[in-house]
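One file, start.cif, carrying mmCIF, N, CA and C atoms:
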```
data_coords
#
loop_
_atom_site.label_atom_id
_atom_site.label_comp_id
_atom_site.auth_asym_id
_atom_site.auth_seq_id
_atom_site.Cartn_x
_atom_site.Cartn_y
_atom_site.Cartn_z
N MET A 193 0.83 -1.19 0.00
CA MET A 193 0.00 0.00 0.00
C MET A 193 0.87 1.25 0.00
N SER A 194 0.37 2.23 -0.70
CA SER A 194 1.02 3.53 -0.69
C SER A 194 0.72 4.20 0.63
N SER A 195 1.72 4.68 1.32
CA SER A 195 1.51 5.25 2.64
C SER A 195 0.71 6.55 2.60
N GLU A 196 0.93 7.40 1.58
CA GLU A 196 0.21 8.67 1.56
C GLU A 196 -1.21 8.54 1.04
N ALA A 197 -1.46 7.67 0.09
CA ALA A 197 -2.80 7.55 -0.48
C ALA A 197 -3.62 6.47 0.21
N LYS A 198 -2.98 5.58 0.91
CA LYS A 198 -3.64 4.45 1.58
C LYS A 198 -4.48 3.62 0.62
N THR A 199 -4.01 3.49 -0.60
CA THR A 199 -4.67 2.66 -1.59
C THR A 199 -3.68 1.62 -2.07
N PRO A 200 -4.18 0.46 -2.48
CA PRO A 200 -3.27 -0.57 -2.97
C PRO A 200 -2.53 -0.12 -4.22
N ILE A 201 -1.30 -0.52 -4.33
CA ILE A 201 -0.53 -0.25 -5.53
C ILE A 201 -0.84 -1.33 -6.54
N LEU A 202 -1.10 -0.91 -7.77
CA LEU A 202 -1.42 -1.85 -8.84
C LEU A 202 -0.18 -2.66 -9.18
N ARG A 203 -0.27 -3.94 -9.01
CA ARG A 203 0.88 -4.80 -9.29
C ARG A 203 0.82 -5.35 -10.69
N SER A 204 1.95 -5.53 -11.27
CA SER A 204 2.03 -6.05 -12.62
C SER A 204 1.59 -7.51 -12.66
N CYS A 205 0.92 -7.89 -13.74
CA CYS A 205 0.53 -9.28 -13.90
C CYS A 205 1.69 -10.09 -14.47
N ILE A 206 2.74 -9.40 -14.86
CA ILE A 206 3.95 -10.04 -15.38
C ILE A 206 5.12 -9.55 -14.54
N LYS A 207 5.91 -10.48 -14.02
CA LYS A 207 7.07 -10.09 -13.22
C LYS A 207 8.14 -9.53 -14.15
N LEU A 208 8.43 -8.26 -13.95
CA LEU A 208 9.43 -7.59 -14.78
C LEU A 208 10.70 -7.37 -13.99
N PRO A 209 11.82 -7.33 -14.60
CA PRO A 209 12.04 -7.47 -16.04
C PRO A 209 12.02 -8.93 -16.47
N LEU A 210 11.69 -9.15 -17.72
CA LEU A 210 11.70 -10.48 -18.32
C LEU A 210 12.95 -10.61 -19.18
N ALA A 211 13.39 -11.84 -19.32
CA ALA A 211 14.47 -12.10 -20.27
C ALA A 211 13.95 -11.75 -21.66
N ASN A 212 14.80 -11.31 -22.55
CA ASN A 212 14.39 -10.85 -23.87
C ASN A 212 13.57 -11.89 -24.63
N ASP A 213 13.98 -13.17 -24.60
CA ASP A 213 13.22 -14.20 -25.32
C ASP A 213 11.84 -14.40 -24.71
N GLU A 214 11.73 -14.32 -23.37
CA GLU A 214 10.42 -14.43 -22.72
C GLU A 214 9.53 -13.23 -23.09
N LEU A 215 10.12 -12.04 -23.08
CA LEU A 215 9.38 -10.84 -23.42
C LEU A 215 8.83 -10.92 -24.85
N LEU A 216 9.66 -11.36 -25.79
CA LEU A 216 9.21 -11.50 -27.17
C LEU A 216 8.08 -12.52 -27.29
N GLU A 217 8.14 -13.60 -26.52
CA GLU A 217 7.08 -14.61 -26.54
C GLU A 217 5.78 -14.04 -25.97
N VAL A 218 5.87 -13.30 -24.86
CA VAL A 218 4.69 -12.70 -24.26
C VAL A 218 4.06 -11.69 -25.22
N ILE A 219 4.89 -10.90 -25.88
CA ILE A 219 4.39 -9.91 -26.84
C ILE A 219 3.67 -10.61 -27.99
N ALA A 220 4.26 -11.66 -28.53
CA ALA A 220 3.64 -12.38 -29.64
C ALA A 220 2.30 -12.98 -29.22
N LYS A 221 2.25 -13.57 -28.02
CA LYS A 221 1.00 -14.15 -27.53
C LYS A 221 -0.05 -13.07 -27.28
N ALA A 222 0.36 -11.92 -26.77
CA ALA A 222 -0.57 -10.83 -26.52
C ALA A 222 -1.16 -10.31 -27.84
N LYS A 223 -0.34 -10.21 -28.87
CA LYS A 223 -0.83 -9.76 -30.17
C LYS A 223 -1.82 -10.77 -30.74
N ASP A 224 -1.51 -12.05 -30.65
CA ASP A 224 -2.44 -13.09 -31.12
C ASP A 224 -3.75 -13.02 -30.35
N TYR A 225 -3.66 -12.87 -29.03
CA TYR A 225 -4.86 -12.78 -28.20
C TYR A 225 -5.71 -11.58 -28.63
N ALA A 226 -5.06 -10.44 -28.86
CA ALA A 226 -5.78 -9.23 -29.26
C ALA A 226 -6.54 -9.46 -30.56
N ILE A 227 -5.88 -10.03 -31.54
CA ILE A 227 -6.53 -10.27 -32.83
C ILE A 227 -7.65 -11.30 -32.69
N MET A 228 -7.41 -12.36 -31.95
CA MET A 228 -8.42 -13.42 -31.79
C MET A 228 -9.64 -12.96 -30.99
N HIS A 229 -9.49 -11.90 -30.22
CA HIS A 229 -10.59 -11.41 -29.40
C HIS A 229 -11.15 -10.07 -29.89
N GLY A 230 -10.93 -9.78 -31.16
CA GLY A 230 -11.59 -8.64 -31.78
C GLY A 230 -10.89 -7.31 -31.67
N ALA A 231 -9.73 -7.27 -31.07
CA ALA A 231 -8.99 -5.99 -30.97
C ALA A 231 -8.09 -5.86 -32.19
N ALA A 232 -8.71 -5.74 -33.35
CA ALA A 232 -7.96 -5.70 -34.61
C ALA A 232 -8.43 -4.55 -35.48
N MET A 233 -7.58 -4.17 -36.41
CA MET A 233 -7.93 -3.10 -37.35
C MET A 233 -7.17 -3.31 -38.64
N ARG A 234 -7.61 -2.67 -39.68
CA ARG A 234 -6.93 -2.76 -40.96
C ARG A 234 -5.85 -1.68 -41.03
N SER A 235 -4.82 -1.96 -41.78
CA SER A 235 -3.72 -1.01 -41.94
C SER A 235 -4.14 0.15 -42.83
N LYS A 236 -3.82 1.36 -42.42
CA LYS A 236 -4.08 2.54 -43.25
C LYS A 236 -2.99 2.67 -44.32
N ILE A 237 -1.82 2.16 -44.01
CA ILE A 237 -0.67 2.31 -44.92
C ILE A 237 -0.75 1.33 -46.08
N SER A 238 -0.95 0.06 -45.77
CA SER A 238 -1.03 -0.95 -46.82
C SER A 238 -2.33 -1.74 -46.64
N TYR A 239 -3.44 -1.13 -47.01
CA TYR A 239 -4.75 -1.72 -46.82
C TYR A 239 -4.89 -3.02 -47.59
N SER A 240 -5.47 -4.00 -46.93
CA SER A 240 -5.83 -5.27 -47.56
C SER A 240 -7.09 -5.78 -46.90
N ALA A 241 -8.06 -6.15 -47.69
CA ALA A 241 -9.30 -6.70 -47.15
C ALA A 241 -9.06 -8.05 -46.47
N ASP A 242 -7.93 -8.67 -46.77
CA ASP A 242 -7.62 -9.99 -46.22
C ASP A 242 -6.62 -9.94 -45.08
N SER A 243 -6.35 -8.77 -44.57
CA SER A 243 -5.31 -8.65 -43.55
C SER A 243 -5.77 -7.77 -42.39
N LEU A 244 -5.45 -8.20 -41.17
CA LEU A 244 -5.75 -7.43 -39.96
C LEU A 244 -4.47 -7.24 -39.16
N ASN A 245 -4.41 -6.14 -38.44
CA ASN A 245 -3.34 -5.89 -37.49
C ASN A 245 -3.97 -5.76 -36.12
N PHE A 246 -3.22 -6.03 -35.09
CA PHE A 246 -3.75 -5.86 -33.76
C PHE A 246 -3.90 -4.37 -33.48
N ALA A 247 -4.92 -4.01 -32.71
CA ALA A 247 -5.09 -2.63 -32.29
C ALA A 247 -4.08 -2.33 -31.19
N PRO A 248 -3.62 -1.11 -31.09
CA PRO A 248 -2.65 -0.78 -30.04
C PRO A 248 -3.18 -1.12 -28.65
N PHE A 249 -2.32 -1.62 -27.81
CA PHE A 249 -2.68 -1.95 -26.43
C PHE A 249 -1.44 -1.88 -25.56
N VAL A 250 -1.64 -1.91 -24.26
CA VAL A 250 -0.50 -1.94 -23.34
C VAL A 250 -0.34 -3.36 -22.83
N LEU A 251 0.88 -3.75 -22.63
CA LEU A 251 1.17 -5.11 -22.21
C LEU A 251 0.90 -5.31 -20.73
N VAL A 252 1.17 -4.31 -19.94
CA VAL A 252 0.92 -4.39 -18.50
C VAL A 252 0.09 -3.18 -18.09
N PRO A 253 -0.73 -3.32 -17.06
CA PRO A 253 -1.56 -2.20 -16.64
C PRO A 253 -0.70 -1.04 -16.15
N SER A 254 -1.24 0.15 -16.28
CA SER A 254 -0.54 1.31 -15.76
C SER A 254 -1.40 1.99 -14.71
N SER A 255 -0.76 2.59 -13.75
CA SER A 255 -1.48 3.27 -12.67
C SER A 255 -2.17 4.51 -13.20
N PHE A 256 -3.26 4.87 -12.55
CA PHE A 256 -4.01 6.06 -12.90
C PHE A 256 -4.46 6.70 -11.60
N PRO A 257 -4.25 7.98 -11.40
CA PRO A 257 -4.60 8.61 -10.12
C PRO A 257 -6.10 8.49 -9.82
N ARG A 258 -6.42 8.03 -8.63
CA ARG A 258 -7.81 7.82 -8.22
C ARG A 258 -8.63 9.10 -8.34
N LYS A 259 -8.08 10.25 -7.93
CA LYS A 259 -8.84 11.50 -8.00
C LYS A 259 -9.25 11.82 -9.43
N GLU A 260 -8.35 11.56 -10.38
CA GLU A 260 -8.68 11.82 -11.79
C GLU A 260 -9.74 10.85 -12.28
N PHE A 261 -9.65 9.59 -11.84
CA PHE A 261 -10.68 8.60 -12.18
C PHE A 261 -12.03 9.03 -11.64
N GLU A 262 -12.06 9.49 -10.40
CA GLU A 262 -13.31 9.91 -9.78
C GLU A 262 -13.89 11.14 -10.49
N LYS A 263 -13.02 12.04 -10.97
CA LYS A 263 -13.50 13.18 -11.75
C LYS A 263 -14.18 12.70 -13.03
N ALA A 264 -13.56 11.74 -13.69
CA ALA A 264 -14.13 11.20 -14.93
C ALA A 264 -15.47 10.53 -14.66
N VAL A 265 -15.56 9.78 -13.58
CA VAL A 265 -16.82 9.13 -13.22
C VAL A 265 -17.90 10.17 -12.93
N ALA A 266 -17.54 11.24 -12.24
CA ALA A 266 -18.51 12.30 -11.92
C ALA A 266 -18.97 13.04 -13.18
N LEU A 267 -18.08 13.18 -14.16
CA LEU A 267 -18.42 13.88 -15.40
C LEU A 267 -19.25 13.04 -16.36
N GLN A 268 -19.18 11.72 -16.23
CA GLN A 268 -19.82 10.85 -17.22
C GLN A 268 -21.32 11.10 -17.38
N PRO A 269 -22.10 11.25 -16.30
CA PRO A 269 -23.54 11.52 -16.50
C PRO A 269 -23.79 12.82 -17.27
N ILE A 270 -22.95 13.82 -17.05
CA ILE A 270 -23.10 15.10 -17.77
C ILE A 270 -22.81 14.89 -19.25
N ILE A 271 -21.75 14.14 -19.55
CA ILE A 271 -21.41 13.85 -20.94
C ILE A 271 -22.51 13.01 -21.59
N ASN A 272 -23.04 12.05 -20.86
CA ASN A 272 -24.14 11.22 -21.39
C ASN A 272 -25.34 12.09 -21.75
N ARG A 273 -25.71 13.02 -20.88
CA ARG A 273 -26.85 13.90 -21.13
C ARG A 273 -26.58 14.78 -22.35
N LEU A 274 -25.36 15.32 -22.44
CA LEU A 274 -25.00 16.15 -23.59
C LEU A 274 -25.13 15.37 -24.89
N MET A 275 -24.58 14.15 -24.91
CA MET A 275 -24.65 13.34 -26.12
C MET A 275 -26.09 12.98 -26.46
N HIS A 276 -26.88 12.68 -25.45
CA HIS A 276 -28.29 12.37 -25.68
C HIS A 276 -29.01 13.57 -26.31
N ASN A 277 -28.77 14.74 -25.73
CA ASN A 277 -29.42 15.95 -26.24
C ASN A 277 -28.99 16.25 -27.67
N VAL A 278 -27.72 16.11 -27.97
CA VAL A 278 -27.23 16.34 -29.33
C VAL A 278 -27.84 15.33 -30.29
N ALA A 279 -27.85 14.07 -29.90
CA ALA A 279 -28.36 13.02 -30.78
C ALA A 279 -29.84 13.18 -31.10
N HIS A 280 -30.57 13.87 -30.24
CA HIS A 280 -32.01 14.04 -30.44
C HIS A 280 -32.38 15.44 -30.90
N ASP A 281 -31.41 16.21 -31.33
CA ASP A 281 -31.66 17.57 -31.82
C ASP A 281 -31.36 17.61 -33.31
N GLU A 282 -32.39 17.29 -34.10
CA GLU A 282 -32.23 17.20 -35.55
C GLU A 282 -31.71 18.50 -36.16
N GLU A 283 -32.23 19.62 -35.71
CA GLU A 283 -31.80 20.91 -36.26
C GLU A 283 -30.31 21.15 -35.98
N PHE A 284 -29.88 20.86 -34.77
CA PHE A 284 -28.47 21.06 -34.41
C PHE A 284 -27.56 20.18 -35.25
N ILE A 285 -27.91 18.90 -35.37
CA ILE A 285 -27.07 17.97 -36.14
C ILE A 285 -27.02 18.39 -37.61
N THR A 286 -28.17 18.72 -38.16
CA THR A 286 -28.24 19.11 -39.57
C THR A 286 -27.41 20.36 -39.83
N THR A 287 -27.56 21.36 -38.99
CA THR A 287 -26.82 22.61 -39.16
C THR A 287 -25.32 22.40 -38.97
N THR A 288 -24.96 21.66 -37.92
CA THR A 288 -23.55 21.45 -37.60
C THR A 288 -22.83 20.65 -38.67
N LEU A 289 -23.50 19.67 -39.25
CA LEU A 289 -22.84 18.80 -40.22
C LEU A 289 -23.02 19.23 -41.68
N ALA A 290 -23.74 20.31 -41.90
CA ALA A 290 -24.05 20.74 -43.27
C ALA A 290 -22.81 20.86 -44.15
N GLU A 291 -21.77 21.48 -43.67
CA GLU A 291 -20.55 21.66 -44.48
C GLU A 291 -19.71 20.38 -44.51
N THR A 292 -19.69 19.67 -43.41
CA THR A 292 -18.87 18.46 -43.32
C THR A 292 -19.34 17.39 -44.29
N ILE A 293 -20.65 17.19 -44.40
CA ILE A 293 -21.15 16.12 -45.26
C ILE A 293 -20.90 16.41 -46.74
N LYS A 294 -20.57 17.64 -47.07
CA LYS A 294 -20.23 17.97 -48.46
C LYS A 294 -18.85 17.45 -48.85
N VAL A 295 -17.96 17.30 -47.86
CA VAL A 295 -16.57 16.94 -48.18
C VAL A 295 -16.11 15.62 -47.55
N ASP A 296 -16.90 15.09 -46.61
CA ASP A 296 -16.49 13.86 -45.91
C ASP A 296 -17.51 12.75 -46.19
N GLU A 297 -17.12 11.82 -47.03
CA GLU A 297 -18.03 10.75 -47.45
C GLU A 297 -18.51 9.90 -46.28
N PHE A 298 -17.60 9.59 -45.37
CA PHE A 298 -17.96 8.76 -44.21
C PHE A 298 -19.06 9.43 -43.39
N THR A 299 -18.85 10.71 -43.06
CA THR A 299 -19.85 11.44 -42.28
C THR A 299 -21.15 11.59 -43.06
N ALA A 300 -21.04 11.81 -44.35
CA ALA A 300 -22.24 11.92 -45.19
C ALA A 300 -23.04 10.62 -45.16
N ASN A 301 -22.36 9.50 -45.23
CA ASN A 301 -23.06 8.20 -45.17
C ASN A 301 -23.75 8.01 -43.81
N LEU A 302 -23.06 8.36 -42.73
CA LEU A 302 -23.68 8.26 -41.41
C LEU A 302 -24.89 9.19 -41.30
N PHE A 303 -24.75 10.39 -41.84
CA PHE A 303 -25.85 11.35 -41.81
C PHE A 303 -27.05 10.85 -42.61
N ASN A 304 -26.80 10.19 -43.74
CA ASN A 304 -27.89 9.61 -44.53
C ASN A 304 -28.60 8.51 -43.76
N ILE A 305 -27.85 7.71 -43.03
CA ILE A 305 -28.47 6.69 -42.17
C ILE A 305 -29.34 7.37 -41.12
N TYR A 306 -28.81 8.42 -40.51
CA TYR A 306 -29.55 9.19 -39.51
C TYR A 306 -30.88 9.70 -40.10
N ARG A 307 -30.84 10.25 -41.30
CA ARG A 307 -32.06 10.75 -41.95
C ARG A 307 -33.07 9.64 -42.20
N LYS A 308 -32.57 8.47 -42.63
CA LYS A 308 -33.46 7.34 -42.89
C LYS A 308 -34.13 6.87 -41.59
N VAL A 309 -33.35 6.85 -40.51
CA VAL A 309 -33.91 6.46 -39.22
C VAL A 309 -34.98 7.46 -38.80
N LEU A 310 -34.70 8.74 -38.97
CA LEU A 310 -35.71 9.76 -38.64
C LEU A 310 -36.97 9.59 -39.47
N ALA A 311 -36.80 9.30 -40.74
CA ALA A 311 -37.95 9.15 -41.63
C ALA A 311 -38.81 7.95 -41.25
N ASN A 312 -38.17 6.88 -40.77
CA ASN A 312 -38.89 5.66 -40.42
C ASN A 312 -39.30 5.59 -38.96
N GLY A 313 -38.82 6.52 -38.17
CA GLY A 313 -39.13 6.52 -36.74
C GLY A 313 -38.15 5.67 -35.96
N PHE A 314 -37.97 6.05 -34.71
CA PHE A 314 -37.05 5.32 -33.85
C PHE A 314 -37.75 4.12 -33.26
N THR A 315 -37.07 2.99 -33.26
CA THR A 315 -37.57 1.80 -32.58
C THR A 315 -36.45 1.24 -31.74
N GLN A 316 -36.81 0.62 -30.66
CA GLN A 316 -35.82 0.02 -29.78
C GLN A 316 -35.69 -1.45 -30.14
N LEU A 317 -34.49 -1.86 -30.50
CA LEU A 317 -34.25 -3.25 -30.82
C LEU A 317 -34.12 -4.03 -29.53
N CYS A 318 -34.91 -5.06 -29.40
CA CYS A 318 -34.86 -5.89 -28.20
C CYS A 318 -34.01 -7.12 -28.48
N VAL A 319 -32.92 -7.25 -27.77
CA VAL A 319 -32.06 -8.41 -27.97
C VAL A 319 -32.17 -9.39 -26.81
N ASP A 320 -33.00 -9.08 -25.84
CA ASP A 320 -33.20 -9.95 -24.69
C ASP A 320 -34.38 -10.88 -25.00
N ARG A 321 -34.07 -12.12 -25.33
CA ARG A 321 -35.12 -13.06 -25.71
C ARG A 321 -36.00 -13.48 -24.53
N ALA A 322 -35.54 -13.18 -23.31
CA ALA A 322 -36.29 -13.58 -22.12
C ALA A 322 -37.45 -12.61 -21.84
N ARG A 323 -37.46 -11.45 -22.49
CA ARG A 323 -38.53 -10.48 -22.22
C ARG A 323 -38.95 -9.82 -23.52
N THR A 324 -40.11 -9.20 -23.49
CA THR A 324 -40.61 -8.47 -24.64
C THR A 324 -40.32 -7.00 -24.43
N CYS A 325 -39.84 -6.34 -25.48
CA CYS A 325 -39.55 -4.89 -25.37
C CYS A 325 -40.74 -4.09 -25.82
#
```
Can the structure in the file be given as structure tokens, please?
Amino acid sequence: MSSEAKTPILRSCIKLPLANDELLEVIAKAKDYAIMHGAAMRSKISYSADSLNFAPFVLVPSSFPRKEFEKAVALQPIINRLMHNVAHDEEFITTTLAETIKVDEFTANLFNIYRKVLANGFTQLCVDRARTC
């Protein structure tokens, strides 16, 4: 325990330092695990529809100050409300994205989906087979 904070110190799940050959093996296994569990992305440099790279990750956990974590937790409901309000304000979204959708195909496609959803009405998809939504 840290004497000043009286909180447990986050311990590494891997005893460091590792011998170089062990470290390389752990890295290779971590990359395979990442790809096999969906943490993958396509390369922007040499795109291939048949190729994936692992998404960036850290090998061992890193400490994060509790006070900063608590600030983030306290801010989350405010951010959630802001995003909810923006997502449900058609005039704001339309006005804000008007210039962007002219030059950004990706955003334009998302905006077209948004318009189609508005035209057809919002429905809640129920994925819980144990209950009716």
- Message: as a VMD selection string, please: every residue in chain A that DSSP puts in strand (DSSP E or B).
- Response: chain A and resid 232 to 233 245 to 246
- Task: Please give the complete set of residues from segment 219-308 of chain A that DSSP, run on the backbone, assigns to alpha helix (DSSP H), formatted as a PyMOL selection string.
- Result: chain A and resi 219-228+258-279+282-289+292-295+297-308
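As for atom CA of Ile219 of chain A and atom C of Lys207 of chain A, they are spaced 13.2 Å apart.
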- Item | One-decimal distance in Å that lies between atom N of Tyr225 of chain A and atom N of Asn245 of chain A |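 We find that atom N of Asn245 of chain A and atom N of Tyr225 of chain A lie 11.6 Å from each other.
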- Message: For a test of reading the model, state the distance in Å between atom CA of His229 of chain A and atom N of Ala247 of chain A, rounded to one decimal.
- Response: 9.9 Å
- Rank A:Lys223, A:Arg307, A:Lys263, A:Arg234 by their smallest atom-to-atom distance to Phe249 of chain A, using only C-alpha atoms, and report the top residue only. A:Lys223
